[in-house]
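Trainee: What follows is upload09.cif, mmCIF, C-alpha atoms and all ligand atoms.
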```cif
data_upload
loop_
_atom_site.label_atom_id
_atom_site.label_comp_id
_atom_site.auth_asym_id
_atom_site.auth_seq_id
_atom_site.Cartn_x
_atom_site.Cartn_y
_atom_site.Cartn_z
CA MET S 1 -88.09 48.71 63.35
CA TYR S 2 -87.52 48.88 59.62
CA LYS S 3 -89.12 47.34 56.53
CA ALA S 4 -87.42 44.54 54.64
CA LYS S 5 -88.34 43.15 51.23
CA ALA S 6 -89.56 39.56 51.24
CA TYR S 7 -91.58 36.88 49.47
CA ALA S 8 -94.56 35.59 51.42
CA ALA S 9 -97.57 33.31 51.02
CA LYS S 10 -100.89 34.81 52.13
CA SER S 11 -102.68 31.46 52.54
CA GLU S 12 -102.05 27.75 52.04
CA THR S 13 -103.30 28.00 48.47
CA SER S 14 -101.63 31.27 47.43
CA PRO S 15 -98.37 31.43 45.54
CA LEU S 16 -95.46 33.26 47.15
CA ALA S 17 -95.38 36.95 46.16
CA ALA S 18 -93.39 40.10 46.89
CA THR S 19 -94.20 42.04 50.05
CA THR S 20 -92.53 43.96 52.87
CA ILE S 21 -92.11 42.75 56.45
CA PRO S 22 -91.02 44.39 59.70
CA ARG S 23 -87.55 43.62 61.09
CA ARG S 24 -86.22 44.91 64.41
CA GLU S 25 -83.32 47.33 64.65
CA PRO S 26 -80.35 45.32 65.96
CA THR S 27 -80.30 45.24 69.78
CA GLU S 28 -77.09 44.94 71.81
CA GLN S 29 -76.58 41.21 70.97
CA ASP S 30 -77.88 41.28 67.40
CA VAL S 31 -76.28 40.90 64.01
CA GLN S 32 -78.00 42.38 60.95
CA ILE S 33 -77.30 40.45 57.76
CA GLU S 34 -77.85 41.32 54.11
CA ILE S 35 -79.05 37.99 52.69
CA LEU S 36 -77.14 36.92 49.58
CA TYR S 37 -78.47 33.36 49.08
CA CYS S 38 -81.26 31.31 50.62
CA GLY S 39 -81.78 27.62 49.89
CA ILE S 40 -85.22 26.13 49.24
CA CYS S 41 -85.90 23.28 51.68
CA HIS S 42 -88.85 20.93 51.19
CA SER S 43 -89.86 22.01 54.71
CA ASP S 44 -90.53 25.50 53.27
CA LEU S 45 -93.06 23.93 50.92
CA HIS S 46 -94.65 21.76 53.66
CA GLN S 47 -95.00 24.86 55.86
CA VAL S 48 -96.21 27.28 53.19
CA ARG S 49 -98.92 24.82 52.14
CA ASN S 50 -99.84 24.04 55.76
CA GLU S 51 -99.10 20.33 55.30
CA TRP S 52 -97.95 20.03 58.93
CA LYS S 53 -101.14 21.56 60.32
CA GLU S 54 -101.44 18.87 63.04
CA VAL S 55 -98.01 19.65 64.51
CA MET S 56 -97.02 23.15 63.39
CA PRO S 57 -99.96 25.04 61.85
CA THR S 58 -98.92 27.87 59.55
CA VAL S 59 -99.54 31.51 60.43
CA TYR S 60 -99.99 33.76 57.38
CA PRO S 61 -98.41 35.69 55.83
CA CYS S 62 -95.63 33.09 55.87
CA VAL S 63 -92.07 34.01 54.81
CA PRO S 64 -90.12 30.74 54.68
CA GLY S 65 -86.37 30.15 54.31
CA HIS S 66 -83.87 28.75 56.82
CA GLU S 67 -80.77 28.21 54.71
CA ILE S 68 -79.34 31.71 54.87
CA VAL S 69 -75.96 33.06 53.84
CA GLY S 70 -75.10 36.75 53.71
CA ARG S 71 -72.92 39.61 54.76
CA VAL S 72 -73.04 41.45 58.08
CA THR S 73 -74.27 45.04 57.72
CA LYS S 74 -74.58 46.14 61.35
CA VAL S 75 -73.84 44.74 64.82
CA GLY S 76 -75.06 45.62 68.32
CA ALA S 77 -72.61 47.05 70.89
CA GLY S 78 -72.32 43.71 72.72
CA VAL S 79 -71.52 41.59 69.65
CA THR S 80 -68.02 40.09 69.77
CA LYS S 81 -67.89 37.44 67.00
CA PHE S 82 -68.89 39.54 63.97
CA GLN S 83 -68.27 42.89 62.40
CA PRO S 84 -69.77 44.62 59.35
CA GLY S 85 -68.48 43.07 56.13
CA ASP S 86 -68.07 39.54 57.55
CA LEU S 87 -69.74 36.58 55.88
CA ALA S 88 -72.40 35.04 58.13
CA ALA S 89 -74.99 32.27 58.04
CA VAL S 90 -78.26 31.48 59.80
CA GLY S 91 -80.05 28.13 59.88
CA CYS S 92 -83.35 26.86 61.29
CA MET S 93 -83.16 28.47 64.74
CA VAL S 94 -82.82 32.11 65.83
CA ASP S 95 -83.17 31.89 69.62
CA SER S 96 -83.36 29.62 72.69
CA ASP S 97 -83.34 30.22 76.46
CA GLY S 98 -79.63 29.44 76.80
CA THR S 99 -80.10 28.19 80.36
CA CYS S 100 -81.84 24.78 80.20
CA PRO S 101 -79.90 21.47 80.24
CA GLU S 102 -80.40 21.08 76.45
CA CYS S 103 -78.93 24.52 75.71
CA LYS S 104 -76.07 23.91 78.17
CA ALA S 105 -75.33 20.67 76.30
CA GLY S 106 -75.21 22.59 73.00
CA LEU S 107 -78.45 20.95 71.85
CA GLU S 108 -80.54 24.09 71.34
CA GLN S 109 -82.75 22.22 68.87
CA PHE S 110 -84.32 20.45 71.89
CA CYS S 111 -84.79 23.56 74.06
CA ALA S 112 -88.46 23.97 75.04
CA ASN S 113 -88.10 27.72 74.46
CA MET S 114 -86.32 27.54 71.13
CA THR S 115 -87.46 29.85 68.30
CA LEU S 116 -87.46 28.60 64.73
CA THR S 117 -86.39 30.99 61.98
CA TYR S 118 -89.91 31.25 60.57
CA ASN S 119 -93.50 30.60 61.66
CA PHE S 120 -92.62 30.78 65.38
CA PRO S 121 -93.69 33.40 67.97
CA ASP S 122 -91.38 36.42 67.61
CA LYS S 123 -90.32 37.57 71.09
CA HIS S 124 -89.21 40.97 69.85
CA LEU S 125 -91.94 42.19 67.50
CA GLY S 126 -94.87 39.92 68.33
CA GLY S 127 -96.51 37.91 65.54
CA VAL S 128 -94.32 35.23 64.01
CA THR S 129 -90.72 35.07 62.84
CA TYR S 130 -90.02 35.62 59.15
CA GLY S 131 -87.41 33.57 57.29
CA GLY S 132 -84.78 34.06 54.66
CA TYR S 133 -86.78 34.73 51.48
CA SER S 134 -85.94 38.34 52.26
CA ASP S 135 -83.20 40.90 51.71
CA SER S 136 -82.16 41.10 55.35
CA ILE S 137 -82.54 39.47 58.76
CA VAL S 138 -81.62 40.38 62.35
CA VAL S 139 -80.48 37.53 64.61
CA ASP S 140 -78.92 37.13 68.06
CA GLU S 141 -75.21 36.47 67.50
CA ARG S 142 -75.45 33.15 69.40
CA PHE S 143 -77.39 31.84 66.37
CA VAL S 144 -75.16 33.30 63.68
CA LEU S 145 -72.56 30.97 62.12
CA LYS S 146 -69.15 31.67 60.59
CA VAL S 147 -68.76 30.76 56.91
CA PRO S 148 -65.42 29.26 55.77
CA GLY S 149 -63.89 31.65 53.22
CA ASN S 150 -63.13 29.03 50.56
CA LEU S 151 -66.71 27.89 49.89
CA ASP S 152 -69.05 28.91 47.08
CA LEU S 153 -71.81 30.92 48.78
CA ALA S 154 -74.80 29.71 46.73
CA GLY S 155 -73.82 26.11 47.57
CA THR S 156 -73.11 26.95 51.20
CA ALA S 157 -76.63 28.19 52.00
CA PRO S 158 -78.17 24.64 51.92
CA LEU S 159 -75.61 23.43 54.46
CA LEU S 160 -77.56 25.37 57.10
CA CYS S 161 -80.43 22.89 56.99
CA ALA S 162 -79.83 20.06 54.50
CA GLY S 163 -76.22 19.90 55.68
CA ILE S 164 -76.65 19.86 59.45
CA THR S 165 -79.79 17.68 59.35
CA THR S 166 -77.85 14.88 57.66
CA TYR S 167 -74.46 15.46 59.35
CA SER S 168 -75.85 15.40 62.90
CA PRO S 169 -77.48 11.93 62.91
CA MET S 170 -74.47 10.46 61.12
CA ARG S 171 -72.20 11.72 63.89
CA HIS S 172 -74.69 10.58 66.55
CA TRP S 173 -74.97 7.04 65.14
CA GLY S 174 -71.24 6.66 64.56
CA VAL S 175 -70.93 6.68 60.78
CA THR S 176 -67.25 5.98 60.09
CA LYS S 177 -64.96 3.96 57.86
CA GLY S 178 -66.04 0.33 57.66
CA LYS S 179 -69.75 1.02 58.23
CA LYS S 180 -72.40 0.30 55.59
CA VAL S 181 -74.70 3.29 55.30
CA GLY S 182 -77.88 3.74 53.26
CA VAL S 183 -79.39 7.02 52.10
CA VAL S 184 -83.03 6.95 51.01
CA GLY S 185 -84.20 9.69 48.63
CA LEU S 186 -81.70 11.68 46.58
CA GLY S 187 -83.07 15.18 47.09
CA GLY S 188 -81.60 18.18 48.88
CA LEU S 189 -81.02 16.35 52.16
CA GLY S 190 -80.20 13.02 50.53
CA HIS S 191 -77.45 14.37 48.30
CA MET S 192 -75.74 16.04 51.27
CA ALA S 193 -76.06 12.77 53.22
CA VAL S 194 -74.22 10.97 50.41
CA LYS S 195 -71.43 13.54 50.44
CA PHE S 196 -71.04 13.29 54.23
CA ALA S 197 -71.23 9.47 54.41
CA HIS S 198 -68.58 9.26 51.69
CA ALA S 199 -66.37 11.89 53.37
CA LEU S 200 -66.67 10.01 56.68
CA GLY S 201 -65.39 6.87 54.92
CA ALA S 202 -68.54 4.71 54.99
CA HIS S 203 -69.60 2.29 52.26
CA THR S 204 -72.51 4.33 50.93
CA VAL S 205 -75.59 2.98 49.18
CA VAL S 206 -78.24 5.27 47.67
CA PHE S 207 -81.89 4.19 47.40
CA THR S 208 -83.76 6.18 44.80
CA THR S 209 -87.07 5.99 42.96
CA SER S 210 -85.51 7.94 40.07
CA PRO S 211 -83.41 5.73 37.75
CA GLY S 212 -82.16 8.92 36.05
CA LYS S 213 -80.25 9.91 39.22
CA LYS S 214 -78.00 6.82 39.22
CA GLU S 215 -74.97 8.42 37.56
CA ASP S 216 -75.23 11.50 39.77
CA ALA S 217 -75.42 9.36 42.91
CA LEU S 218 -72.13 7.68 41.98
CA ARG S 219 -70.53 11.05 41.19
CA LEU S 220 -71.70 12.43 44.55
CA GLY S 221 -69.87 9.63 46.36
CA ALA S 222 -72.15 6.58 46.46
CA ASP S 223 -70.50 3.16 46.15
CA GLU S 224 -73.75 1.51 45.03
CA VAL S 225 -77.16 2.68 43.84
CA VAL S 226 -80.39 0.71 44.31
CA ILE S 227 -83.59 1.50 42.43
CA SER S 228 -85.92 1.06 45.39
CA ARG S 229 -88.95 0.02 43.31
CA ASN S 230 -87.00 -3.08 42.17
CA ALA S 231 -87.71 -5.79 44.79
CA ASP S 232 -84.87 -8.05 43.58
CA GLU S 233 -82.31 -5.28 43.98
CA MET S 234 -83.64 -4.53 47.48
CA LYS S 235 -83.47 -8.21 48.51
CA LYS S 236 -79.71 -8.36 47.93
CA HIS S 237 -79.17 -5.98 50.86
CA VAL S 238 -81.38 -7.63 53.53
CA GLY S 239 -79.75 -7.62 57.00
CA SER S 240 -76.62 -5.74 55.93
CA PHE S 241 -76.79 -2.07 56.96
CA ASP S 242 -75.40 -0.47 60.11
CA PHE S 243 -77.30 2.74 59.54
CA ILE S 244 -79.89 4.09 57.11
CA LEU S 245 -80.92 7.74 56.80
CA ASP S 246 -84.37 8.25 55.30
CA ALA S 247 -84.77 11.70 53.70
CA VAL S 248 -88.01 11.14 51.78
CA SER S 249 -90.59 13.93 51.84
CA ALA S 250 -93.68 11.84 50.95
CA GLU S 251 -95.52 8.69 52.01
CA HIS S 252 -93.47 5.49 51.40
CA ASP S 253 -92.87 2.05 52.93
CA ILE S 254 -90.22 2.32 55.65
CA ASN S 255 -90.57 -1.40 56.50
CA ALA S 256 -88.78 -2.21 53.27
CA TYR S 257 -85.75 -0.42 54.77
CA LEU S 258 -86.03 -1.76 58.36
CA GLN S 259 -85.42 -5.27 57.06
CA LEU S 260 -82.22 -4.12 55.37
CA LEU S 261 -80.67 -3.32 58.78
CA ARG S 262 -78.32 -5.77 60.48
CA ARG S 263 -78.53 -6.65 64.19
CA ASP S 264 -78.75 -3.44 66.25
CA GLY S 265 -78.86 -1.35 63.10
CA ASN S 266 -80.66 1.98 63.13
CA LEU S 267 -82.96 3.71 60.69
CA THR S 268 -83.22 7.45 61.29
CA MET S 269 -86.02 9.48 59.75
CA VAL S 270 -85.16 13.02 58.79
CA GLY S 271 -87.79 13.19 56.05
CA ALA S 272 -91.05 14.51 57.50
CA PRO S 273 -94.01 13.28 55.39
CA GLU S 274 -97.39 14.85 56.06
CA LYS S 275 -99.10 11.60 57.18
CA PRO S 276 -98.04 8.92 59.74
CA LEU S 277 -96.17 5.91 58.31
CA PRO S 278 -97.11 2.34 59.35
CA VAL S 279 -94.30 0.42 61.12
CA SER S 280 -93.95 -3.35 61.23
CA VAL S 281 -93.04 -4.07 64.85
CA PHE S 282 -91.62 -7.46 63.84
CA GLY S 283 -89.18 -5.66 61.60
CA LEU S 284 -87.83 -4.03 64.76
CA ILE S 285 -88.02 -7.06 67.07
CA PHE S 286 -86.10 -9.37 64.77
CA GLY S 287 -82.59 -8.01 64.87
CA ARG S 288 -83.21 -5.64 67.81
CA ARG S 289 -83.31 -2.84 65.27
CA SER S 290 -84.21 0.70 66.13
CA LEU S 291 -86.15 3.43 64.40
CA SER S 292 -85.58 7.05 65.34
CA GLY S 293 -85.90 10.61 64.15
CA SER S 294 -83.57 13.57 64.22
CA PRO S 295 -84.18 17.33 63.97
CA ILE S 296 -81.54 19.66 62.48
CA GLY S 297 -78.58 20.03 64.93
CA GLY S 298 -77.21 22.31 67.65
CA ILE S 299 -75.29 25.51 66.98
CA ALA S 300 -71.86 24.14 67.96
CA GLU S 301 -72.38 21.10 65.74
CA THR S 302 -73.59 23.30 62.88
CA GLN S 303 -70.34 25.26 63.11
CA GLU S 304 -68.41 21.96 63.25
CA MET S 305 -70.24 20.83 60.09
CA LEU S 306 -69.47 24.11 58.29
CA ASP S 307 -65.79 23.81 59.26
CA PHE S 308 -65.80 20.17 58.10
CA CYS S 309 -67.21 21.36 54.76
CA GLY S 310 -64.52 24.04 54.58
CA GLN S 311 -61.80 21.42 55.15
CA HIS S 312 -63.26 18.96 52.64
CA ASN S 313 -64.39 21.65 50.19
CA LEU S 314 -67.97 20.36 50.37
CA THR S 315 -71.02 22.35 49.32
CA ALA S 316 -74.46 21.49 47.97
CA ASP S 317 -74.97 21.01 44.22
CA VAL S 318 -77.26 23.92 43.49
CA GLU S 319 -79.41 25.37 40.76
CA VAL S 320 -79.35 29.11 41.39
CA ILE S 321 -82.67 30.83 40.68
CA PRO S 322 -84.06 34.35 41.00
CA ILE S 323 -86.79 34.73 43.64
CA GLN S 324 -89.32 35.29 40.84
CA LYS S 325 -88.99 31.55 39.99
CA VAL S 326 -89.75 30.31 43.49
CA ASN S 327 -93.28 29.05 42.76
CA GLU S 328 -92.04 27.15 39.72
CA ALA S 329 -89.25 25.70 41.87
CA TYR S 330 -91.83 24.39 44.39
CA GLU S 331 -93.67 22.54 41.60
CA ARG S 332 -90.39 21.02 40.41
CA LEU S 333 -89.53 19.98 43.99
CA LEU S 334 -92.76 17.98 44.09
CA LYS S 335 -91.66 16.13 40.95
CA SER S 336 -88.20 15.34 42.45
CA ASP S 337 -86.85 17.54 39.64
CA VAL S 338 -83.99 19.40 41.29
CA LYS S 339 -80.26 18.77 41.12
CA TYR S 340 -80.04 18.87 44.06
CA ARG S 341 -81.02 22.09 45.82
CA PHE S 342 -82.49 25.37 44.62
CA SER S 343 -80.56 28.35 45.97
CA ILE S 344 -82.21 31.75 45.57
CA ASP S 345 -79.94 34.60 44.48
CA MET S 346 -81.39 37.29 46.71
CA ALA S 347 -80.04 40.12 44.56
CA SER S 348 -83.10 39.34 42.39
CA LEU S 349 -85.34 40.72 45.15
CA LYS S 350 -84.02 44.24 44.45
CA ALA S 351 -86.12 44.27 41.25
CA GLU S 352 -89.38 43.98 43.26
P1 LIG Y 401 -86.48 17.03 48.34
O1 LIG Y 401 -85.29 17.76 47.82
O2 LIG Y 401 -87.80 17.25 47.72
O3 LIG Y 401 -86.11 15.46 48.32
C1 LIG Y 401 -87.01 14.47 48.66
C2 LIG Y 401 -86.66 13.20 47.90
O4 LIG Y 401 -87.52 12.15 48.35
C3 LIG Y 401 -86.90 13.27 46.41
O5 LIG Y 401 -85.83 13.84 45.71
C4 LIG Y 401 -87.10 11.81 46.03
O6 LIG Y 401 -85.84 11.16 45.89
C5 LIG Y 401 -87.76 11.24 47.28
N1 LIG Y 401 -89.21 11.11 47.10
C6 LIG Y 401 -90.11 12.09 46.84
N2 LIG Y 401 -91.35 11.59 46.77
C7 LIG Y 401 -91.24 10.27 46.98
C8 LIG Y 401 -92.17 9.19 47.06
N3 LIG Y 401 -93.49 9.40 46.86
N4 LIG Y 401 -91.70 7.94 47.31
C9 LIG Y 401 -90.40 7.73 47.51
N5 LIG Y 401 -89.46 8.70 47.44
C10 LIG Y 401 -89.88 9.95 47.20
O7 LIG Y 401 -86.70 17.35 49.89
P2 LIG Y 401 -85.63 17.78 51.02
O8 LIG Y 401 -85.58 19.26 51.09
O9 LIG Y 401 -84.42 16.99 50.86
O10 LIG Y 401 -86.42 17.32 52.32
C11 LIG Y 401 -86.75 15.96 52.54
C12 LIG Y 401 -87.64 15.83 53.74
O11 LIG Y 401 -86.88 16.14 54.92
C13 LIG Y 401 -88.84 16.77 53.74
O12 LIG Y 401 -89.96 16.09 54.27
C14 LIG Y 401 -88.40 17.87 54.71
O13 LIG Y 401 -89.47 18.55 55.31
C15 LIG Y 401 -87.62 17.06 55.71
N6 LIG Y 401 -86.68 17.83 56.54
C16 LIG Y 401 -86.52 17.45 57.83
C17 LIG Y 401 -85.60 18.09 58.62
C18 LIG Y 401 -85.36 17.63 60.01
O14 LIG Y 401 -84.85 18.40 60.83
N7 LIG Y 401 -85.65 16.38 60.32
C19 LIG Y 401 -84.85 19.15 58.11
C20 LIG Y 401 -85.04 19.51 56.77
C21 LIG Y 401 -85.95 18.85 56.00
P3 LIG Y 401 -85.59 10.08 44.68
O15 LIG Y 401 -85.92 10.81 43.43
O16 LIG Y 401 -84.14 9.77 44.85
O17 LIG Y 401 -86.45 8.91 44.99
ZN ZN Y 402 -84.92 22.74 56.01
#
```
Go ahead and express the file in the form of structure tokens.
Mentor:
Amino acid sequence: MYKAKAYAAKSETSPLAATTIPRREPTEQDVQIEILYCGICHSDLHQVRNEWKEVMPTVYPCVPGHEIVGRVTKVGAGVTKFQPGDLAAVGCMVDSDGTCPECKAGLEQFCANMTLTYNFPDKHLGGVTYGGYSDSIVVDERFVLKVPGNLDLAGTAPLLCAGITTYSPMRHWGVTKGKKVGVVGLGGLGHMAVKFAHALGAHTVVFTTSPGKKEDALRLGADEVVISRNADEMKKHVGSFDFILDAVSAEHDINAYLQLLRRDGNLTMVGAPEKPLPVSVFGLIFGRRSLSGSPIGGIAETQEMLDFCGQHNLTADVEVIPIQKVNEAYERLLKSDVKYRFSIDMASLKAE
């Protein structure tokens, strides 16, 4: 065991602050990574502030962060895919049983024994897992991803959650050329969804509550932008979408989007607001529409997504910040004031 530097919250009302945490020495199958960049996901904020207490109560101290990019510093004797000096990435999961039907299908995100990167029981050290707001992490090589060499690293970190969480449902629901696809909420997830829908050839429409994001949405690849608080603009799209991805972090009316779907259209929720959202059943019955959710993505698909980004030269639009600005960044996230993902330059942690 060794000590790593990290930023942690001590309670749901405390700001994040510098601390040290235990990390295990790499075992036979482990890769030790020096973290270079870690993205700030809205899930980090939900978890740190214990907003998901009904489903996933927070254990303190909490070290969030599951959009990790870094360089390999050490590998266990049994590691075959990585060697010291390689670029490497870690997303939302660090372990699973590897034997159940979900794991065998490459869908580790559904494994009953899966371990999330933070706030999950740590099989090695006891207590809970600690995430990427830290200078290093040790992860089983099965959960370590290869980073294409041509991508900017600060913009690559957010692909590990915002990227895969939007890419996976689009692949599942068949987003391709000729499909009309909506993206609700132009935040970290939403802006990656726009890039992917555009790259996959779909006619892409952004729904935003922020009129100031219109130009950016078009630059990111949207064909049309709708200000969702404008009922007349919404009405023009009734019954026309094949697929809508909802990436909103707060309470909002999803029925307004269900009625925009065509027959057999699907609305997938990736946004995870704190409170339940009311659903109009008639909105589903008329048009045989469906409403579903989707969590992150499996390891093989995450690698596929990273390779797709390498081929298309896609990364997140990031504002790089030092770790000392993380609490300020959380406040800005709540005001939808980020273009479009904060990425923490972990070199700043050396000053602590
Ligand atoms: P984010 O960067 O804060 O973006 C959220 C966006 O939602 C905002 O930019 C804003 O877009 C819109 N929004 C915020 N408050 C709103 C309100 N009251 N009414 C309507 N729209 C509102 O967050 P993120 O990191 O992309 O995460 C989005 C959500 O996805 C979070 O709940 C997060 O926990 C969840 N998530 C889920 C998964 C999964 O596996 N399913 C993975 C990662 C994250 P506009 O300004 O364009 O309106
Ligand atoms: Zn996330």
Trainee: Using all atoms listed in the file, I'd like a table of the residues in chain S that come within 10 Å of ligand ZN 402 (chain Y); for each, show the closest atom pair and its distance in Å rounded to one decimal, ordered by chain and ascending number, as a Markdown table.
Mentor:
```
| residue | atom | partner | partner_atom | distance |
| --- | --- | --- | --- | --- |
| S:Gly39 | CA | Y:ZN402 | ZN | 8.4 |
| S:Ile40 | CA | Y:ZN402 | ZN | 7.6 |
| S:Cys41 | CA | Y:ZN402 | ZN | 4.5 |
| S:His42 | CA | Y:ZN402 | ZN | 6.5 |
| S:Ser43 | CA | Y:ZN402 | ZN | 5.2 |
| S:Asp44 | CA | Y:ZN402 | ZN | 6.8 |
| S:Leu45 | CA | Y:ZN402 | ZN | 9.7 |
| S:Pro64 | CA | Y:ZN402 | ZN | 9.6 |
| S:Gly65 | CA | Y:ZN402 | ZN | 7.7 |
| S:His66 | CA | Y:ZN402 | ZN | 6.2 |
| S:Glu67 | CA | Y:ZN402 | ZN | 7.0 |
| S:Gly91 | CA | Y:ZN402 | ZN | 8.2 |
| S:Cys92 | CA | Y:ZN402 | ZN | 6.9 |
| S:Pro158 | CA | Y:ZN402 | ZN | 8.1 |
| S:Leu159 | CA | Y:ZN402 | ZN | 9.5 |
| S:Leu160 | CA | Y:ZN402 | ZN | 7.9 |
| S:Cys161 | CA | Y:ZN402 | ZN | 4.6 |
| S:Ala162 | CA | Y:ZN402 | ZN | 5.9 |
| S:Gly163 | CA | Y:ZN402 | ZN | 9.2 |
| S:Ile164 | CA | Y:ZN402 | ZN | 9.4 |
| S:Thr165 | CA | Y:ZN402 | ZN | 7.9 |
| S:Gly188 | CA | Y:ZN402 | ZN | 9.1 |
| S:Leu189 | CA | Y:ZN402 | ZN | 8.4 |
| S:Gly271 | CA | Y:ZN402 | ZN | 10.0 |
| S:Pro295 | CA | Y:ZN402 | ZN | 9.7 |
| S:Ile296 | CA | Y:ZN402 | ZN | 7.9 |
```
Trainee: Which of these, S:Gly212, S:Gly182, S:Pro273, S:Pro84, has the shortest distance to His198 (chain S) once you count all atoms listed in the file?
Mentor: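 Comparing S:Gly212, S:Gly182, S:Pro273, S:Pro84 against His198 (chain S), the winner is S:Gly182.
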Trainee: Just to confirm, what's the straight-line distance from CA of Leu107 (chain S) to CA of Leu267 (chain S) in Å (one decimal)?
Mentor: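 Computing the Euclidean distance for CA of Leu107 (chain S) and CA of Leu267 (chain S) yields 21.0 Å.
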Trainee: Considering only C-alpha atoms and all ligand atoms, state which residue in the set S:Thr80, S:Thr13, S:Ser228, S:Thr58 is at the smallest distance from ligand LIG 401 (chain Y).
Mentor: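 Distance minimum relative to ligand LIG 401 (chain Y) lands on S:Ser228.
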Trainee: Any residue with an atom at most 7 Å from ligand LIG 401 (chain Y) counts, using all atoms listed in the file. Which are they? Put them as a ChimeraX atom specification.
Mentor: /S:41-43,46,161-162,165,184-190,207-210,213,247-252,269-273,293-296,333-334,336,338,340-341
Trainee: Mind checking which residues fall within 7 Å of region 216-225 of chain S, counting only C-alpha atoms, ignoring those fewer than 2 positions away in the same chain, and posting them as a list in words?
Mentor: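 Neighbouring residues, sequence-local ones excluded: Val194, Lys195, His198, His203, Thr204, Val205, Val206, Phe207, Lys213, Lys214 and Ile227 of chain S.
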Trainee: At most 12 Å is the cut-off: for each residue in region 52-140 of chain S with any atom that close to an atom of region 304-321 of chain S, write down the nearest atom pair and the distance in Å rounded to one decimal, counting all atoms listed in the file, chain first then increasing number, as JSON lines.
Mentor:
```
{"residue": "S:Glu67", "atom": "CA", "partner": "S:Ala316", "partner_atom": "CA", "distance": 11.4}
{"residue": "S:Val69", "atom": "CA", "partner": "S:Leu306", "partner_atom": "CA", "distance": 11.9}
{"residue": "S:Ala88", "atom": "CA", "partner": "S:Leu306", "partner_atom": "CA", "distance": 11.3}
{"residue": "S:Ala89", "atom": "CA", "partner": "S:Leu306", "partner_atom": "CA", "distance": 9.9}
{"residue": "S:Val90", "atom": "CA", "partner": "S:Leu306", "partner_atom": "CA", "distance": 11.6}
{"residue": "S:Gly91", "atom": "CA", "partner": "S:Leu306", "partner_atom": "CA", "distance": 11.4}
{"residue": "S:Gly106", "atom": "CA", "partner": "S:Glu304", "partner_atom": "CA", "distance": 11.9}
```
Trainee: Could you turn the residues from that selection into a file that holds C-alpha atoms, as an mmCIF file, keeping the file's coordinate frame?
Mentor:
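Once everything was written out, this is out35.cif:
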```
data_model
loop_
_atom_site.group_PDB
_atom_site.id
_atom_site.type_symbol
_atom_site.label_atom_id
_atom_site.label_comp_id
_atom_site.auth_asym_id
_atom_site.auth_seq_id
_atom_site.Cartn_x
_atom_site.Cartn_y
_atom_site.Cartn_z
ATOM 1 C CA GLU S 67 -80.770 28.210 54.710
ATOM 2 C CA VAL S 69 -75.960 33.060 53.840
ATOM 3 C CA ALA S 88 -72.400 35.040 58.130
ATOM 4 C CA ALA S 89 -74.990 32.270 58.040
ATOM 5 C CA VAL S 90 -78.260 31.480 59.800
ATOM 6 C CA GLY S 91 -80.050 28.130 59.880
ATOM 7 C CA GLY S 106 -75.210 22.590 73.000
#
```
Trainee: Quick one: residues within 9 Å of Val94 (chain S), all atoms listed in the file, excluding same-chain residues fewer than 6 positions away - as a PDB file with C-alpha atoms, in the coordinates of the input?
Mentor:
```pdb
ATOM      1  CA  MET S 114     -86.320  27.540  71.130  1.00  0.00           C
ATOM      2  CA  THR S 115     -87.460  29.850  68.300  1.00  0.00           C
ATOM      3  CA  LEU S 116     -87.460  28.600  64.730  1.00  0.00           C
ATOM      4  CA  THR S 117     -86.390  30.990  61.980  1.00  0.00           C
ATOM      5  CA  TYR S 118     -89.910  31.250  60.570  1.00  0.00           C
ATOM      6  CA  THR S 129     -90.720  35.070  62.840  1.00  0.00           C
ATOM      7  CA  VAL S 139     -80.480  37.530  64.610  1.00  0.00           C
ATOM      8  CA  ASP S 140     -78.920  37.130  68.060  1.00  0.00           C
ATOM      9  CA  GLU S 141     -75.210  36.470  67.500  1.00  0.00           C
ATOM     10  CA  ARG S 142     -75.450  33.150  69.400  1.00  0.00           C
ATOM     11  CA  PHE S 143     -77.390  31.840  66.370  1.00  0.00           C
ATOM     12  CA  VAL S 144     -75.160  33.300  63.680  1.00  0.00           C
TER      13      VAL S 144
END
```
Trainee: Residues near Ile137 (chain S), anyone? I mean within 7 Å using only C-alpha atoms, not counting same-chain ones fewer than 6 positions away, as a list in words.
Mentor: Arg23, Gln32, Ile33 and Glu34 of chain S
Trainee: Quick one: region 123-136 of chain S with C-alpha atoms, as a tab-separated table (two decimals), in the first residue's frame?
Mentor:
```
chain	number	residue	atom	x	y	z
S	123	LYS	CA	-12.25	-5.60	-2.75
S	124	HIS	CA	-8.54	-5.05	-2.22
S	125	LEU	CA	-8.24	-2.52	0.60
S	126	GLY	CA	-11.70	-2.55	2.17
S	127	GLY	CA	-13.62	0.72	2.48
S	128	VAL	CA	-14.67	2.27	-0.81
S	129	THR	CA	-12.95	2.89	-4.13
S	130	TYR	CA	-11.42	6.31	-4.74
S	131	GLY	CA	-11.66	8.03	-8.12
S	132	GLY	CA	-9.53	10.12	-10.40
S	133	TYR	CA	-9.20	13.44	-8.53
S	134	SER	CA	-5.84	12.02	-7.52
S	135	ASP	CA	-2.27	11.77	-8.76
S	136	SER	CA	-2.36	8.02	-9.34
```
